[in-house]
Amino acid sequence: MSQELRAVEWTGTGLALIDQTALPHRTATVDVHDVDTLVDAIQRLVVRGAPAIGAAGGYGVAIALLQGEREGWTENETREAVARVREARPTAVNLMVCVDRVMTRFDEGLDAVLAEAAAVQREDVEANRAMGAFGADWLLKRVGTDRPLRILTHCNTGALATAGWGTALGVIRELHARGRLEVVYADETRPLLQGSRLTAWELVQEGIPHFVQADGAAAGTILRGEVDAAIVGADRIAANGDTANKVGTVGVALACADAGIPFLVAAPTTTVDLSTPDGAAIHIELRGEDEVLEWGGVRTAPAESRGHNPAFDVTPGRLVTGLVTERGVLEVSTGELPGDRLR
C-alpha cells in the first residue's frame, strides 16, 4: 500500500495532502487552493518530512499563481505569497531548494511551473529508489552477517515523508524486499509521535515486523546489542556532514558510536546545503511550549514551568558513519565530506 502512497498530489486545480495529523486512526486529505492553507498545513505537520515539504512547496508556486489570478494580485504580491511558502519551515532546506527551482520557471507561466514541480516530485521518487539500493548494499557489506538485520529508525522517513518510497525507510523496505530484515525498532518520536503514528503505520502496510519504543529507550536498546545499525533521515545536512534531524537523533548517534555500530543518514542531495558550513549555522525551529507542558490538552507540568521544545537537533558529522544519497554512500566520519564530494 505505501508503495503507491502519495503524500502530495496535484489534482489539476490544487493540492491534495494526506493529513498526517489524523493517521493512523483516520485517513483523510486536506485540499489546498490558497497559500494560507498550504502554509498552515506545512506548519501544523499535515504534510511533513523534508522531501514531501519540498514537493508541496514546488506546487505552492502554482497555488500562488492561481490564487493571484483569482484575486487580482500584482506580480509582487504573488512573489510575496511564494516567499511565505518558502519560509514556512526554516530548518528543512528542501522546501527552499524546491521553491527556488520552480521559481526559475515563474515568468513562463502556470504550465511551466507545474511541469517543473512535477519534475521535482518525479525525481525525488527516483532518488529514493536509488538510495534504498545503495543503502542496503552498503549496510549488508558493512555489517557483514548472513542473518537478517535488526534496524533502529527515528521519526518517519517513508512514503509519507517524501514524494514516494522513502529515504531511511526506503532502505529498510529494500532490505525487507531482499529478505534481509529481521525487525525494526521505531522510536515514537516527538513532537507528534511521528514514529508510532506514521512509521509504524507504514511498516504495518508492508508487513514488516517492528517494535515501537519510547525515544528514551533507544540508547539502551542499542547498547544491549539488540540493533545492528540505525538509519535516519535528515532535514538539512551541512557541508561538513553535520546533520539536522528530528529531535532525539543525536542521542541515537551517540549510542551507535559507543556500541560500534553504523549510524546511517539517508537523504537526497536536495537536503545537502553546501552554503551551510556546519551545524552551528543551522536554524533550529522551536515549537510551542504546550507540546511538552500538556498531554492531550491537559496540563501535566506545574503552571510555573516553561517548555523548551526544539523540533530538531544536530548530529556532528564525526558521528555519521555513512551518508547515503541517490549518488551513493559517503563515509562522513572518515572524512568523505558532502562539501568535497557533492559540489
# chains A, B, ... in the order shown; residues from 1 in each chain; ligands from 1
$ closest_atom_pairs --of "region 79-109 of chain A" --to "region 230-246 of chain A" --cutoff "10 Å" --atoms "only C-alpha atoms" --output "JSON lines"
{"residue": "A:Pro90", "atom": "CA", "partner": "A:Asp235", "partner_atom": "CA", "distance": 9.8}
{"residue": "A:Thr91", "atom": "CA", "partner": "A:Asp235", "partner_atom": "CA", "distance": 6.5}
{"residue": "A:Ala92", "atom": "CA", "partner": "A:Asp235", "partner_atom": "CA", "distance": 4.6}
{"residue": "A:Val93", "atom": "CA", "partner": "A:Arg236", "partner_atom": "CA", "distance": 5.6}
{"residue": "A:Asn94", "atom": "CA", "partner": "A:Asp235", "partner_atom": "CA", "distance": 7.5}
{"residue": "A:Leu95", "atom": "CA", "partner": "A:Asp235", "partner_atom": "CA", "distance": 9.6}
$ write_last_selection --atoms "N, CA, C and O atoms" --output "PDB file, in the first residue's frame"
ATOM      1  N   PRO A  90      11.694  26.679   8.563  1.00  0.00           N
ATOM      2  CA  PRO A  90      13.034  27.194   8.287  1.00  0.00           C
ATOM      3  C   PRO A  90      14.156  26.171   8.328  1.00  0.00           C
ATOM      4  O   PRO A  90      15.213  26.398   7.733  1.00  0.00           O
ATOM      5  N   THR A  91      13.988  25.051   9.006  1.00  0.00           N
ATOM      6  CA  THR A  91      15.086  24.095   9.121  1.00  0.00           C
ATOM      7  C   THR A  91      15.194  23.207   7.884  1.00  0.00           C
ATOM      8  O   THR A  91      16.287  22.863   7.445  1.00  0.00           O
ATOM      9  N   ALA A  92      14.070  22.834   7.298  1.00  0.00           N
ATOM     10  CA  ALA A  92      14.053  21.899   6.165  1.00  0.00           C
ATOM     11  C   ALA A  92      14.479  22.602   4.885  1.00  0.00           C
ATOM     12  O   ALA A  92      13.711  23.345   4.280  1.00  0.00           O
ATOM     13  N   VAL A  93      15.711  22.357   4.441  1.00  0.00           N
ATOM     14  CA  VAL A  93      16.251  23.083   3.293  1.00  0.00           C
ATOM     15  C   VAL A  93      15.565  22.690   1.995  1.00  0.00           C
ATOM     16  O   VAL A  93      15.520  23.470   1.039  1.00  0.00           O
ATOM     17  N   ASN A  94      15.001  21.467   1.910  1.00  0.00           N
ATOM     18  CA  ASN A  94      14.346  21.035   0.669  1.00  0.00           C
ATOM     19  C   ASN A  94      13.248  21.998   0.253  1.00  0.00           C
ATOM     20  O   ASN A  94      13.025  22.228  -0.937  1.00  0.00           O
ATOM     21  N   LEU A  95      12.525  22.555   1.221  1.00  0.00           N
ATOM     22  CA  LEU A  95      11.448  23.486   0.903  1.00  0.00           C
ATOM     23  C   LEU A  95      11.991  24.673   0.132  1.00  0.00           C
ATOM     24  O   LEU A  95      11.441  25.060  -0.906  1.00  0.00           O
TER      25      LEU A  95
END
$ residues_around --residues "region 7-21 of chain A" --least-positions-apart "2" --cutoff "6 Å" --atoms "only C-alpha atoms" --output "PDB file with N, CA, C and O atoms, in the first residue's frame"
ATOM      1  N   LEU A  23      -3.563  10.339  10.983  1.00  0.00           N
ATOM      2  CA  LEU A  23      -3.129   8.943  10.996  1.00  0.00           C
ATOM      3  C   LEU A  23      -2.668   8.549  12.397  1.00  0.00           C
ATOM      4  O   LEU A  23      -2.207   9.384  13.164  1.00  0.00           O
ATOM      5  N   ALA A  28      -7.385  10.820   5.882  1.00  0.00           N
ATOM      6  CA  ALA A  28      -8.099  11.986   5.378  1.00  0.00           C
ATOM      7  C   ALA A  28      -7.148  12.824   4.540  1.00  0.00           C
ATOM      8  O   ALA A  28      -5.923  12.684   4.630  1.00  0.00           O
ATOM      9  N   THR A  29      -7.697  13.680   3.725  1.00  0.00           N
ATOM     10  CA  THR A  29      -6.880  14.594   2.925  1.00  0.00           C
ATOM     11  C   THR A  29      -7.298  16.031   3.211  1.00  0.00           C
ATOM     12  O   THR A  29      -8.437  16.301   3.601  1.00  0.00           O
ATOM     13  N   VAL A  30      -6.345  16.925   3.019  1.00  0.00           N
ATOM     14  CA  VAL A  30      -6.597  18.354   3.098  1.00  0.00           C
ATOM     15  C   VAL A  30      -6.450  18.921   1.691  1.00  0.00           C
ATOM     16  O   VAL A  30      -5.413  18.745   1.049  1.00  0.00           O
ATOM     17  N   ASP A  31      -7.485  19.568   1.199  1.00  0.00           N
ATOM     18  CA  ASP A  31      -7.446  20.179  -0.127  1.00  0.00           C
ATOM     19  C   ASP A  31      -6.902  21.598  -0.008  1.00  0.00           C
ATOM     20  O   ASP A  31      -7.363  22.386   0.825  1.00  0.00           O
ATOM     21  N   VAL A  32      -5.946  21.917  -0.836  1.00  0.00           N
ATOM     22  CA  VAL A  32      -5.253  23.199  -0.761  1.00  0.00           C
ATOM     23  C   VAL A  32      -5.470  23.971  -2.061  1.00  0.00           C
ATOM     24  O   VAL A  32      -5.090  23.501  -3.139  1.00  0.00           O
ATOM     25  N   HIS A  33      -6.074  25.149  -1.922  1.00  0.00           N
ATOM     26  CA  HIS A  33      -6.290  26.017  -3.080  1.00  0.00           C
ATOM     27  C   HIS A  33      -5.805  27.442  -2.831  1.00  0.00           C
ATOM     28  O   HIS A  33      -6.011  28.310  -3.673  1.00  0.00           O
ATOM     29  N   VAL A  46       0.604  18.751   8.807  1.00  0.00           N
ATOM     30  CA  VAL A  46      -0.303  17.990   7.941  1.00  0.00           C
ATOM     31  C   VAL A  46       0.535  17.305   6.868  1.00  0.00           C
ATOM     32  O   VAL A  46       0.348  16.123   6.554  1.00  0.00           O
ATOM     33  N   LEU A 160       5.271   8.675   3.302  1.00  0.00           N
ATOM     34  CA  LEU A 160       4.566   9.839   3.831  1.00  0.00           C
ATOM     35  C   LEU A 160       5.458  11.069   3.906  1.00  0.00           C
ATOM     36  O   LEU A 160       4.975  12.197   3.837  1.00  0.00           O
TER      37      LEU A 160
END
$ select_by_dssp --residues "region 41-192 of chain A" --states "helix (DSSP H, G or I)" --output "PyMOL selection string"
chain A and resi 41-43+50-71+75-86+93-103+106-108+110-143+159-161+168-177
$ select_by_dssp --residues "region 95-293 of chain A" --states "strand (DSSP E or B)" --output "PyMOL selection string"
chain A and resi 149-153+158+166+181-187+210-213+229-232+236-238+243-246+263-266+272-273+286
$ closest_residue --among "A:Ala311, A:Ile63, A:Ile222, A:Val82" --to "Leu254 (chain A)" --atoms "only C-alpha atoms"
A:Ile222
$ closest_residue --among "A:Glu116, A:Glu226, A:Glu77, A:Glu182" --to "His210 (chain A)" --atoms "only C-alpha atoms"
A:Glu182
$ residues_around --residues "region 85-89 of chain A" --least-positions-apart "6" --cutoff "7 Å" --atoms "only C-alpha atoms" --output "ChimeraX atom specification"
/A:39,42-43,57,60,95-96,99
$ write_last_selection --atoms "N, CA and C atoms" --output "PDB file, in the first residue's frame"
ATOM      1  N   VAL A  39       0.527  27.058   3.847  1.00  0.00           N
ATOM      2  CA  VAL A  39       1.451  27.419   4.924  1.00  0.00           C
ATOM      3  C   VAL A  39       1.010  26.781   6.236  1.00  0.00           C
ATOM      4  N   ILE A  42       1.811  23.037   6.269  1.00  0.00           N
ATOM      5  CA  ILE A  42       3.232  22.770   6.484  1.00  0.00           C
ATOM      6  C   ILE A  42       3.591  22.977   7.952  1.00  0.00           C
ATOM      7  N   GLN A  43       3.099  24.043   8.538  1.00  0.00           N
ATOM      8  CA  GLN A  43       3.464  24.363   9.917  1.00  0.00           C
ATOM      9  C   GLN A  43       2.802  23.441  10.926  1.00  0.00           C
ATOM     10  N   GLY A  57       5.994  22.542  -1.561  1.00  0.00           N
ATOM     11  CA  GLY A  57       6.427  23.903  -1.829  1.00  0.00           C
ATOM     12  C   GLY A  57       6.547  24.206  -3.305  1.00  0.00           C
ATOM     13  N   GLY A  60       3.374  24.808  -4.478  1.00  0.00           N
ATOM     14  CA  GLY A  60       2.894  26.043  -3.871  1.00  0.00           C
ATOM     15  C   GLY A  60       3.061  27.249  -4.763  1.00  0.00           C
ATOM     16  N   LEU A  95      12.525  22.555   1.221  1.00  0.00           N
ATOM     17  CA  LEU A  95      11.448  23.486   0.903  1.00  0.00           C
ATOM     18  C   LEU A  95      11.991  24.673   0.132  1.00  0.00           C
ATOM     19  N   MET A  96      13.061  25.256   0.604  1.00  0.00           N
ATOM     20  CA  MET A  96      13.635  26.417  -0.054  1.00  0.00           C
ATOM     21  C   MET A  96      14.221  26.058  -1.424  1.00  0.00           C
ATOM     22  N   VAL A  99      11.270  25.302  -3.932  1.00  0.00           N
ATOM     23  CA  VAL A  99      10.572  26.528  -4.321  1.00  0.00           C
ATOM     24  C   VAL A  99      11.450  27.359  -5.241  1.00  0.00           C
TER      25      VAL A  99
END
